[in-house]
Amino acid sequence: MTYKKMASNSGIIENCSSVSLPHPDGFSKALYTFDIGQNDLTFGFQNLIVDQIVAAIPGILDRFNAAIQQLYGEGARAFWIHNTGPIGCLPFMALPFKFRNGTLDQSGCNAYQNNVIQEFNQQLKESVDQLRRNVSMAVFTYVDVYSAKLSLISDAKNQGNLLQRFVDPLNYCCGTFVPAFVMCGLSTQVNGATIHGDACGDPQDRISWDGIHFTDAANSWIASRILDGSMTNPPAPISVACP
């Protein structure tokens with residue numbers, strides 16, 4: 001690596017960009033992580049019918065496979081691939097369905113959406129299995145993030161630490177859904193009153209931060225379940241996922 005110094009009218013400008021990237025040899029030794037599907041499927045749930053979403057899955061995975069092949073051609077050899085979590089359990093997806101008189105399952109989730117997610121994850125796993133056969137010099141770890149997140153959501157009140165337990169998974173921290181829907185950090189007028197989408201004072205007790213994203217506390221809980229390899233295929237901790 002080189003480290004350049006360039007003169008300017010105000011003195012010396014140190015150009016650190018040339019030392020901020022790893023050595024080219026490092027790219028073949030890195031672990032490439034993928035968290036795939038959530039944005040694609042959320043868009044589908046908001047704009048398409050179920051049959052159209054399911055029909056789109058092979059095309060999504062074709063682009064995923066092409067990305068893997070391109071990275072492999074550039075030297076990537078180790079891949080850590082998350083499946084998609086239970087989108088139907090996100091407050092942003094479940095609460096509108098509930099308030100339209102839809103029925104949530106016993107975990108407070110939109111079951112039909114999660115059924116589609118499971119179909120996506122099954123096809124993703126099959127794609128990873130096919131990649132293992134076609135790209136034999138690479139190592140692929142399939143991570144069941146769906147099961148990790150669902151186990152937290154379905155048993156929230158019994159999870160957490162000895163002093164703090166998670167509350168209702170639909171009770172997110174930042175923003176409001178009633179008396180009006182207000183995104184985190186924004187505000188709106190309702191009958192002359194201003195409703196603010198402020199943050200709660202106990203994010204450590206919440207699973208969802210803003211109805212879409214998980215809180216630090218929930219992410220930490222999930223990470224502790226997947227990094228040790230207990231929810232991966234093949235079962236191996238992340239420390240050995242990059243040979």
# chains A, B, ... in the order shown; residues from 1 in each chain; ligands from 1
>>> residues_around(residues="A:Phe34", least_positions_apart="4", cutoff="8 Å", atoms="only C-alpha atoms", output="JSON, numbers by chain")
{"A": [79, 80, 81, 82]}
>>> write_last_selection(atoms="C-alpha atoms", output="PDB file, in the first residue's frame")
ATOM      1  CA  PHE A  79     -19.994 -17.096   1.660  1.00  0.00           C
ATOM      2  CA  TRP A  80     -22.260 -16.691   4.730  1.00  0.00           C
ATOM      3  CA  ILE A  81     -25.862 -16.473   3.490  1.00  0.00           C
ATOM      4  CA  HIS A  82     -28.834 -15.439   5.668  1.00  0.00           C
TER       5      HIS A  82
END
>>> select_by_dssp(residues="stretch 48-159 of chain A", states="strand (DSSP E)", output="PyMOL selection string")
chain A and resi 78-82+139-143
>>> residues_around(residues="A:Gly26", least_positions_apart="5", cutoff="12 Å", atoms="only C-alpha atoms", output="JSON list (two decimals) with C-alpha atoms, in the first residue's frame")
[["chain", "number", "residue", "atom", "x", "y", "z"],
["A", 21, "LEU", "CA", -8.67, -0.81, 1.50],
["A", 31, "LEU", "CA", -16.05, -13.86, 4.33],
["A", 32, "TYR", "CA", -18.81, -12.49, 2.08],
["A", 74, "GLU", "CA", -13.15, -11.95, -8.56],
["A", 75, "GLY", "CA", -11.64, -14.37, -6.06],
["A", 76, "ALA", "CA", -14.30, -14.74, -3.32],
["A", 77, "ARG", "CA", -14.32, -18.21, -1.79],
["A", 78, "ALA", "CA", -16.31, -18.09, 1.47],
["A", 242, "CYS", "CA", -13.86, -18.68, 6.24]]
>>> atom_distance(atom1="atom CA of A:Phe45", atom2="atom CA of A:Tyr112")
10.1 Å
>>> residues_around(residues="A:Gln113", least_positions_apart="5", cutoff="12 Å", atoms="only C-alpha atoms", output="list in words")
Gln38, Leu41, Thr42, Phe43, Gly44, Phe45, Gln46, Leu48, Ile49, Val50, Asp51, Ile53, Val54, Thr84, Gly85, Pro86, Ile87, Gly88, Cys89, Leu90, Met93, Ala94, Phe97, Leu104, Asp105, Gln118, Glu119 and Phe120 of chain A
>>> write_last_selection(atoms="N, CA, C and O atoms", output="tab-separated table (two decimals), in the first residue's frame")
chain	number	residue	atom	x	y	z
A	38	GLN	N	-35.61	-9.58	1.99
A	38	GLN	CA	-36.61	-8.83	2.73
A	38	GLN	C	-37.19	-7.68	1.92
A	38	GLN	O	-38.41	-7.51	1.86
A	41	LEU	N	-39.38	-8.99	-1.10
A	41	LEU	CA	-40.66	-9.58	-0.73
A	41	LEU	C	-41.58	-8.56	-0.08
A	41	LEU	O	-42.80	-8.61	-0.27
A	42	THR	N	-41.02	-7.62	0.68
A	42	THR	CA	-41.86	-6.57	1.25
A	42	THR	C	-42.50	-5.74	0.14
A	42	THR	O	-43.70	-5.41	0.20
A	43	PHE	N	-41.72	-5.41	-0.88
A	43	PHE	CA	-42.28	-4.70	-2.04
A	43	PHE	C	-43.40	-5.52	-2.67
A	43	PHE	O	-44.45	-5.00	-3.04
A	44	GLY	N	-43.18	-6.83	-2.78
A	44	GLY	CA	-44.20	-7.69	-3.36
A	44	GLY	C	-45.48	-7.70	-2.56
A	44	GLY	O	-46.58	-7.59	-3.11
A	45	PHE	N	-45.38	-7.80	-1.23
A	45	PHE	CA	-46.57	-7.81	-0.38
A	45	PHE	C	-47.36	-6.52	-0.50
A	45	PHE	O	-48.58	-6.50	-0.32
A	46	GLN	N	-46.67	-5.42	-0.79
A	46	GLN	CA	-47.34	-4.13	-0.88
A	46	GLN	C	-47.91	-3.84	-2.26
A	46	GLN	O	-48.74	-2.94	-2.41
A	48	LEU	N	-48.25	-6.65	-5.03
A	48	LEU	CA	-48.61	-7.80	-5.86
A	48	LEU	C	-49.50	-8.75	-5.09
A	48	LEU	O	-49.61	-8.67	-3.86
A	49	ILE	N	-50.14	-9.66	-5.80
A	49	ILE	CA	-50.86	-10.74	-5.15
A	49	ILE	C	-49.89	-11.89	-4.89
A	49	ILE	O	-48.79	-11.93	-5.44
A	50	VAL	N	-50.31	-12.81	-4.04
A	50	VAL	CA	-49.40	-13.88	-3.60
A	50	VAL	C	-48.84	-14.68	-4.78
A	50	VAL	O	-47.63	-14.96	-4.84
A	51	ASP	N	-49.68	-15.05	-5.73
A	51	ASP	CA	-49.20	-15.85	-6.87
A	51	ASP	C	-48.12	-15.11	-7.64
A	51	ASP	O	-47.15	-15.73	-8.13
A	53	ILE	N	-46.02	-12.88	-6.37
A	53	ILE	CA	-44.81	-12.86	-5.55
A	53	ILE	C	-44.07	-14.19	-5.69
A	53	ILE	O	-42.85	-14.22	-5.90
A	54	VAL	N	-44.79	-15.28	-5.55
A	54	VAL	CA	-44.16	-16.60	-5.64
A	54	VAL	C	-43.54	-16.81	-7.02
A	54	VAL	O	-42.44	-17.36	-7.15
A	84	THR	N	-34.33	-15.17	4.71
A	84	THR	CA	-35.16	-14.01	5.08
A	84	THR	C	-35.95	-14.30	6.35
A	84	THR	O	-36.49	-15.38	6.52
A	85	GLY	N	-36.00	-13.32	7.23
A	85	GLY	CA	-36.73	-13.46	8.48
A	85	GLY	C	-38.24	-13.41	8.28
A	85	GLY	O	-38.72	-13.17	7.16
A	86	PRO	N	-39.00	-13.64	9.34
A	86	PRO	CA	-40.47	-13.67	9.25
A	86	PRO	C	-41.05	-12.27	9.09
A	86	PRO	O	-41.47	-11.62	10.06
A	87	ILE	N	-41.11	-11.81	7.85
A	87	ILE	CA	-41.60	-10.47	7.55
A	87	ILE	C	-43.01	-10.26	8.08
A	87	ILE	O	-43.38	-9.16	8.51
A	88	GLY	N	-43.81	-11.31	8.08
A	88	GLY	CA	-45.18	-11.19	8.56
A	88	GLY	C	-45.28	-10.89	10.05
A	88	GLY	O	-46.37	-10.59	10.55
A	89	CYS	N	-44.15	-10.93	10.76
A	89	CYS	CA	-44.14	-10.60	12.19
A	89	CYS	C	-43.71	-9.17	12.45
A	89	CYS	O	-43.76	-8.72	13.60
A	90	LEU	N	-43.24	-8.46	11.43
A	90	LEU	CA	-42.85	-7.07	11.62
A	90	LEU	C	-44.10	-6.24	11.91
A	90	LEU	O	-45.10	-6.36	11.19
A	93	MET	N	-45.86	-4.68	9.02
A	93	MET	CA	-46.63	-5.56	8.14
A	93	MET	C	-47.84	-6.16	8.85
A	93	MET	O	-48.90	-6.33	8.24
A	94	ALA	N	-47.69	-6.49	10.13
A	94	ALA	CA	-48.77	-7.19	10.84
A	94	ALA	C	-49.88	-6.26	11.30
A	94	ALA	O	-51.07	-6.60	11.21
A	97	PHE	N	-52.56	-5.22	8.71
A	97	PHE	CA	-53.41	-6.39	8.43
A	97	PHE	C	-54.41	-6.59	9.57
A	97	PHE	O	-55.60	-6.84	9.34
A	104	LEU	N	-54.32	-12.44	12.99
A	104	LEU	CA	-52.91	-12.77	13.19
A	104	LEU	C	-52.81	-14.13	13.87
A	104	LEU	O	-53.71	-14.56	14.58
A	105	ASP	N	-51.68	-14.81	13.69
A	105	ASP	CA	-51.50	-16.11	14.32
A	105	ASP	C	-51.16	-15.94	15.80
A	105	ASP	O	-51.12	-14.82	16.32
A	118	GLN	N	-41.37	-18.62	3.81
A	118	GLN	CA	-40.85	-19.98	3.92
A	118	GLN	C	-40.62	-20.61	2.54
A	118	GLN	O	-39.66	-21.37	2.35
A	119	GLU	N	-41.49	-20.30	1.59
A	119	GLU	CA	-41.29	-20.79	0.23
A	119	GLU	C	-40.02	-20.17	-0.38
A	119	GLU	O	-39.22	-20.87	-1.03
A	120	PHE	N	-39.84	-18.88	-0.16
A	120	PHE	CA	-38.63	-18.21	-0.64
A	120	PHE	C	-37.39	-18.85	-0.02
A	120	PHE	O	-36.41	-19.15	-0.71
>>> residues_around(residues="A:Met231", least_positions_apart="3", cutoff="10 Å", atoms="only C-alpha atoms", output="PyMOL selection string")
chain A and resi 142-148+225-228+234-237
>>> write_last_selection(atoms="N, CA and C atoms", output="short mmCIF file (atom, residue, chain, number, x, y, z; two decimals), in the first residue's frame")
data_model
loop_
_atom_site.label_atom_id
_atom_site.label_comp_id
_atom_site.auth_asym_id
_atom_site.auth_seq_id
_atom_site.Cartn_x
_atom_site.Cartn_y
_atom_site.Cartn_z
N TYR A 142 -25.28 -21.65 4.96
CA TYR A 142 -26.67 -21.18 4.92
C TYR A 142 -27.14 -20.97 6.34
N VAL A 143 -27.61 -19.75 6.66
CA VAL A 143 -27.94 -19.37 8.03
C VAL A 143 -29.45 -19.19 8.17
N ASP A 144 -30.05 -19.92 9.08
CA ASP A 144 -31.51 -19.89 9.25
C ASP A 144 -31.92 -18.75 10.19
N VAL A 145 -31.81 -17.53 9.69
CA VAL A 145 -32.20 -16.36 10.46
C VAL A 145 -33.71 -16.37 10.74
N TYR A 146 -34.48 -16.93 9.82
CA TYR A 146 -35.94 -17.00 10.01
C TYR A 146 -36.28 -17.67 11.33
N SER A 147 -35.69 -18.83 11.58
CA SER A 147 -36.00 -19.57 12.80
C SER A 147 -35.52 -18.84 14.04
N ALA A 148 -34.37 -18.19 13.94
CA ALA A 148 -33.85 -17.45 15.09
C ALA A 148 -34.79 -16.31 15.46
N ARG A 225 -27.53 -16.44 18.72
CA ARG A 225 -28.09 -17.74 18.30
C ARG A 225 -27.53 -18.23 16.98
N ILE A 226 -27.01 -17.34 16.15
CA ILE A 226 -26.56 -17.79 14.83
C ILE A 226 -25.04 -17.86 14.70
N LEU A 227 -24.32 -17.04 15.44
CA LEU A 227 -22.87 -16.99 15.25
C LEU A 227 -22.18 -18.25 15.75
N ASP A 228 -22.82 -18.99 16.65
CA ASP A 228 -22.19 -20.20 17.16
C ASP A 228 -22.39 -21.40 16.25
N PRO A 234 -23.76 -26.01 6.63
CA PRO A 234 -23.52 -27.00 7.68
C PRO A 234 -23.34 -26.33 9.04
N PRO A 235 -23.55 -27.06 10.14
CA PRO A 235 -23.43 -26.47 11.47
C PRO A 235 -21.98 -26.14 11.80
N ALA A 236 -21.66 -24.85 11.79
CA ALA A 236 -20.29 -24.42 12.08
C ALA A 236 -20.34 -22.97 12.53
N PRO A 237 -19.58 -22.60 13.55
CA PRO A 237 -19.55 -21.20 13.99
C PRO A 237 -18.92 -20.30 12.95
#
>>> select_by_dssp(residues="stretch 32-175 of chain A", states="helix (DSSP H, G or I)", output="VMD selection string")
chain A and resid 38 to 47 50 to 73 87 to 89 91 to 99 111 to 134 145 to 154 156 to 158
>>> atom_distance(atom1="atom CA of A:Ser151", atom2="atom CA of A:Ile36")
19.6 Å
>>> residues_around(residues="A:Asp202", least_positions_apart="5", cutoff="12 Å", atoms="only C-alpha atoms", output="VMD selection string")
chain A and resid 164 to 167 171 to 174 207 to 209 215 to 217
>>> closest_residue(among="A:Glu126, A:Gly211, A:Ile68, A:Asn39", to="A:Val139", atoms="only C-alpha atoms")
A:Ile68
>>> residues_around(residues="A:Thr194", least_positions_apart="6", cutoff="12 Å", atoms="only C-alpha atoms", output="list in words")
Pro179, Ala180, Val182, Leu186, Ser187 and Thr188 of chain A
>>> write_last_selection(atoms="N, CA, C and O atoms", output="tab-separated table (two decimals), in the first residue's frame")
chain	number	residue	atom	x	y	z
A	179	PRO	N	-52.99	6.97	17.82
A	179	PRO	CA	-54.22	7.20	17.06
A	179	PRO	C	-53.98	7.50	15.58
A	179	PRO	O	-54.93	7.64	14.82
A	180	ALA	N	-52.72	7.64	15.18
A	180	ALA	CA	-52.39	7.86	13.77
A	180	ALA	C	-51.06	7.21	13.49
A	180	ALA	O	-50.22	7.05	14.39
A	182	VAL	N	-47.51	7.30	12.41
A	182	VAL	CA	-46.44	8.30	12.29
A	182	VAL	C	-45.11	7.55	12.29
A	182	VAL	O	-44.81	6.81	13.22
A	186	LEU	N	-40.89	11.51	12.84
A	186	LEU	CA	-41.74	12.46	12.12
A	186	LEU	C	-42.92	12.86	13.00
A	186	LEU	O	-43.04	12.45	14.15
A	187	SER	N	-43.80	13.69	12.47
A	187	SER	CA	-45.00	14.10	13.20
A	187	SER	C	-46.12	14.37	12.22
A	187	SER	O	-45.89	14.52	11.01
A	188	THR	N	-47.35	14.40	12.72
A	188	THR	CA	-48.51	14.68	11.88
A	188	THR	C	-49.57	15.37	12.72
A	188	THR	O	-49.53	15.35	13.95
>>> atom_distance(atom1="atom CA of A:Pro169", atom2="atom CA of A:Ile153")
6.0 Å
>>> closest_residue(among="A:Asn65, A:Asn83, A:Ser154, A:Asn191", to="A:Gly108", atoms="only C-alpha atoms")
A:Ser154
>>> closest_residue(among="A:Asn121, A:Ser127, A:Asn158, A:Thr176", to="A:Phe64", atoms="only C-alpha atoms")
A:Ser127
>>> decode(residues="stretch 56-185 of chain A", atoms="C-alpha atoms", output="mmCIF file, in the first residue's frame")
data_model
loop_
_atom_site.group_PDB
_atom_site.id
_atom_site.type_symbol
_atom_site.label_atom_id
_atom_site.label_comp_id
_atom_site.auth_asym_id
_atom_site.auth_seq_id
_atom_site.Cartn_x
_atom_site.Cartn_y
_atom_site.Cartn_z
ATOM 1 C CA ALA A 56 -41.040 -13.760 -8.952
ATOM 2 C CA ILE A 57 -38.895 -15.793 -6.549
ATOM 3 C CA PRO A 58 -36.878 -17.720 -9.176
ATOM 4 C CA GLY A 59 -35.924 -14.452 -10.885
ATOM 5 C CA ILE A 60 -34.743 -12.945 -7.586
ATOM 6 C CA LEU A 61 -32.618 -16.015 -6.929
ATOM 7 C CA ASP A 62 -31.219 -16.011 -10.465
ATOM 8 C CA ARG A 63 -29.810 -12.531 -9.795
ATOM 9 C CA PHE A 64 -28.477 -13.712 -6.447
ATOM 10 C CA ASN A 65 -26.715 -16.638 -8.126
ATOM 11 C CA ALA A 66 -25.251 -14.318 -10.757
ATOM 12 C CA ALA A 67 -23.871 -12.064 -7.994
ATOM 13 C CA ILE A 68 -22.242 -15.060 -6.294
ATOM 14 C CA GLN A 69 -20.712 -16.186 -9.571
ATOM 15 C CA GLN A 70 -19.351 -12.696 -10.229
ATOM 16 C CA LEU A 71 -17.781 -12.475 -6.776
ATOM 17 C CA TYR A 72 -16.332 -15.953 -7.211
ATOM 18 C CA GLY A 73 -14.779 -14.813 -10.482
ATOM 19 C CA GLU A 74 -13.151 -11.948 -8.559
ATOM 20 C CA GLY A 75 -11.641 -14.365 -6.060
ATOM 21 C CA ALA A 76 -14.303 -14.742 -3.325
ATOM 22 C CA ARG A 77 -14.315 -18.211 -1.790
ATOM 23 C CA ALA A 78 -16.312 -18.086 1.466
ATOM 24 C CA PHE A 79 -19.994 -17.096 1.660
ATOM 25 C CA TRP A 80 -22.260 -16.691 4.730
ATOM 26 C CA ILE A 81 -25.862 -16.473 3.490
ATOM 27 C CA HIS A 82 -28.834 -15.439 5.668
ATOM 28 C CA ASN A 83 -32.311 -16.498 4.668
ATOM 29 C CA THR A 84 -35.160 -14.014 5.077
ATOM 30 C CA GLY A 85 -36.730 -13.456 8.483
ATOM 31 C CA PRO A 86 -40.473 -13.669 9.247
ATOM 32 C CA ILE A 87 -41.598 -10.467 7.551
ATOM 33 C CA GLY A 88 -45.180 -11.194 8.563
ATOM 34 C CA CYS A 89 -44.140 -10.602 12.191
ATOM 35 C CA LEU A 90 -42.846 -7.073 11.622
ATOM 36 C CA PRO A 91 -45.261 -4.548 13.191
ATOM 37 C CA PHE A 92 -45.175 -2.533 9.956
ATOM 38 C CA MET A 93 -46.630 -5.555 8.140
ATOM 39 C CA ALA A 94 -48.768 -7.187 10.841
ATOM 40 C CA LEU A 95 -50.559 -4.183 12.361
ATOM 41 C CA PRO A 96 -52.138 -2.858 9.113
ATOM 42 C CA PHE A 97 -53.409 -6.386 8.431
ATOM 43 C CA LYS A 98 -54.831 -6.594 11.979
ATOM 44 C CA PHE A 99 -56.580 -3.231 11.708
ATOM 45 C CA ARG A 100 -58.174 -4.328 8.423
ATOM 46 C CA ASN A 101 -59.839 -7.096 10.463
ATOM 47 C CA GLY A 102 -57.270 -9.685 9.455
ATOM 48 C CA THR A 103 -56.444 -12.506 11.863
ATOM 49 C CA LEU A 104 -52.914 -12.771 13.186
ATOM 50 C CA ASP A 105 -51.502 -16.112 14.321
ATOM 51 C CA GLN A 106 -50.693 -16.982 17.945
ATOM 52 C CA SER A 107 -47.330 -15.204 17.661
ATOM 53 C CA GLY A 108 -48.974 -12.008 16.392
ATOM 54 C CA CYS A 109 -47.786 -12.561 12.824
ATOM 55 C CA ASN A 110 -49.364 -12.395 9.387
ATOM 56 C CA ALA A 111 -49.367 -16.106 8.570
ATOM 57 C CA TYR A 112 -49.901 -15.868 4.808
ATOM 58 C CA GLN A 113 -46.885 -13.608 4.422
ATOM 59 C CA ASN A 114 -44.715 -15.931 6.471
ATOM 60 C CA ASN A 115 -45.852 -18.851 4.307
ATOM 61 C CA VAL A 116 -44.495 -17.012 1.275
ATOM 62 C CA ILE A 117 -41.259 -16.295 3.148
ATOM 63 C CA GLN A 118 -40.846 -19.980 3.919
ATOM 64 C CA GLU A 119 -41.287 -20.790 0.226
ATOM 65 C CA PHE A 120 -38.626 -18.210 -0.640
ATOM 66 C CA ASN A 121 -36.254 -19.627 1.974
ATOM 67 C CA GLN A 122 -36.745 -23.173 0.713
ATOM 68 C CA GLN A 123 -35.871 -22.110 -2.826
ATOM 69 C CA LEU A 124 -32.908 -20.104 -1.508
ATOM 70 C CA LYS A 125 -31.601 -23.177 0.312
ATOM 71 C CA GLU A 126 -31.959 -25.214 -2.883
ATOM 72 C CA SER A 127 -30.011 -22.513 -4.745
ATOM 73 C CA VAL A 128 -27.227 -22.661 -2.165
ATOM 74 C CA ASP A 129 -27.127 -26.457 -2.478
ATOM 75 C CA GLN A 130 -26.822 -26.093 -6.251
ATOM 76 C CA LEU A 131 -24.029 -23.542 -5.841
ATOM 77 C CA ARG A 132 -22.144 -26.010 -3.653
ATOM 78 C CA ARG A 133 -22.275 -28.512 -6.499
ATOM 79 C CA ASN A 134 -21.389 -26.031 -9.240
ATOM 80 C CA VAL A 135 -18.749 -23.971 -7.429
ATOM 81 C CA SER A 136 -16.860 -26.678 -5.611
ATOM 82 C CA MET A 137 -13.887 -24.495 -4.658
ATOM 83 C CA ALA A 138 -16.097 -22.186 -2.539
ATOM 84 C CA VAL A 139 -17.551 -22.705 0.941
ATOM 85 C CA PHE A 140 -21.226 -21.817 1.487
ATOM 86 C CA THR A 141 -22.872 -21.475 4.912
ATOM 87 C CA TYR A 142 -26.666 -21.179 4.916
ATOM 88 C CA VAL A 143 -27.941 -19.373 8.033
ATOM 89 C CA ASP A 144 -31.514 -19.892 9.253
ATOM 90 C CA VAL A 145 -32.203 -16.358 10.461
ATOM 91 C CA TYR A 146 -35.935 -16.998 10.008
ATOM 92 C CA SER A 147 -36.004 -19.575 12.802
ATOM 93 C CA ALA A 148 -33.847 -17.446 15.090
ATOM 94 C CA LYS A 149 -36.103 -14.402 14.749
ATOM 95 C CA LEU A 150 -39.320 -16.390 14.990
ATOM 96 C CA SER A 151 -38.167 -18.106 18.176
ATOM 97 C CA LEU A 152 -37.568 -14.693 19.758
ATOM 98 C CA ILE A 153 -40.885 -13.256 18.591
ATOM 99 C CA SER A 154 -42.970 -16.284 19.593
ATOM 100 C CA ASP A 155 -41.474 -16.411 23.096
ATOM 101 C CA ALA A 156 -40.645 -12.742 23.634
ATOM 102 C CA LYS A 157 -41.841 -12.395 27.215
ATOM 103 C CA ASN A 158 -39.584 -15.234 28.343
ATOM 104 C CA GLN A 159 -36.492 -13.926 26.545
ATOM 105 C CA GLY A 160 -33.971 -11.260 27.456
ATOM 106 C CA ASN A 161 -31.827 -11.173 30.567
ATOM 107 C CA LEU A 162 -32.671 -11.766 34.230
ATOM 108 C CA LEU A 163 -33.619 -8.126 34.819
ATOM 109 C CA GLN A 164 -35.208 -7.206 31.483
ATOM 110 C CA ARG A 165 -37.691 -9.168 29.376
ATOM 111 C CA PHE A 166 -38.921 -8.271 25.921
ATOM 112 C CA VAL A 167 -42.448 -6.879 25.638
ATOM 113 C CA ASP A 168 -45.137 -7.625 23.040
ATOM 114 C CA PRO A 169 -43.314 -7.925 19.677
ATOM 115 C CA LEU A 170 -45.887 -5.646 18.016
ATOM 116 C CA ASN A 171 -45.123 -2.908 20.541
ATOM 117 C CA TYR A 172 -42.286 -1.172 18.698
ATOM 118 C CA CYS A 173 -40.169 1.659 20.080
ATOM 119 C CA CYS A 174 -39.973 4.606 17.690
ATOM 120 C CA GLY A 175 -43.067 5.979 15.930
ATOM 121 C CA THR A 176 -46.760 5.326 16.520
ATOM 122 C CA PHE A 177 -49.578 3.403 14.892
ATOM 123 C CA VAL A 178 -52.518 4.750 16.912
ATOM 124 C CA PRO A 179 -54.216 7.198 17.059
ATOM 125 C CA ALA A 180 -52.394 7.859 13.772
ATOM 126 C CA PHE A 181 -49.571 6.204 11.858
ATOM 127 C CA VAL A 182 -46.442 8.296 12.287
ATOM 128 C CA MET A 183 -43.015 7.125 11.171
ATOM 129 C CA CYS A 184 -40.105 7.267 13.592
ATOM 130 C CA GLY A 185 -38.861 10.845 14.009
#
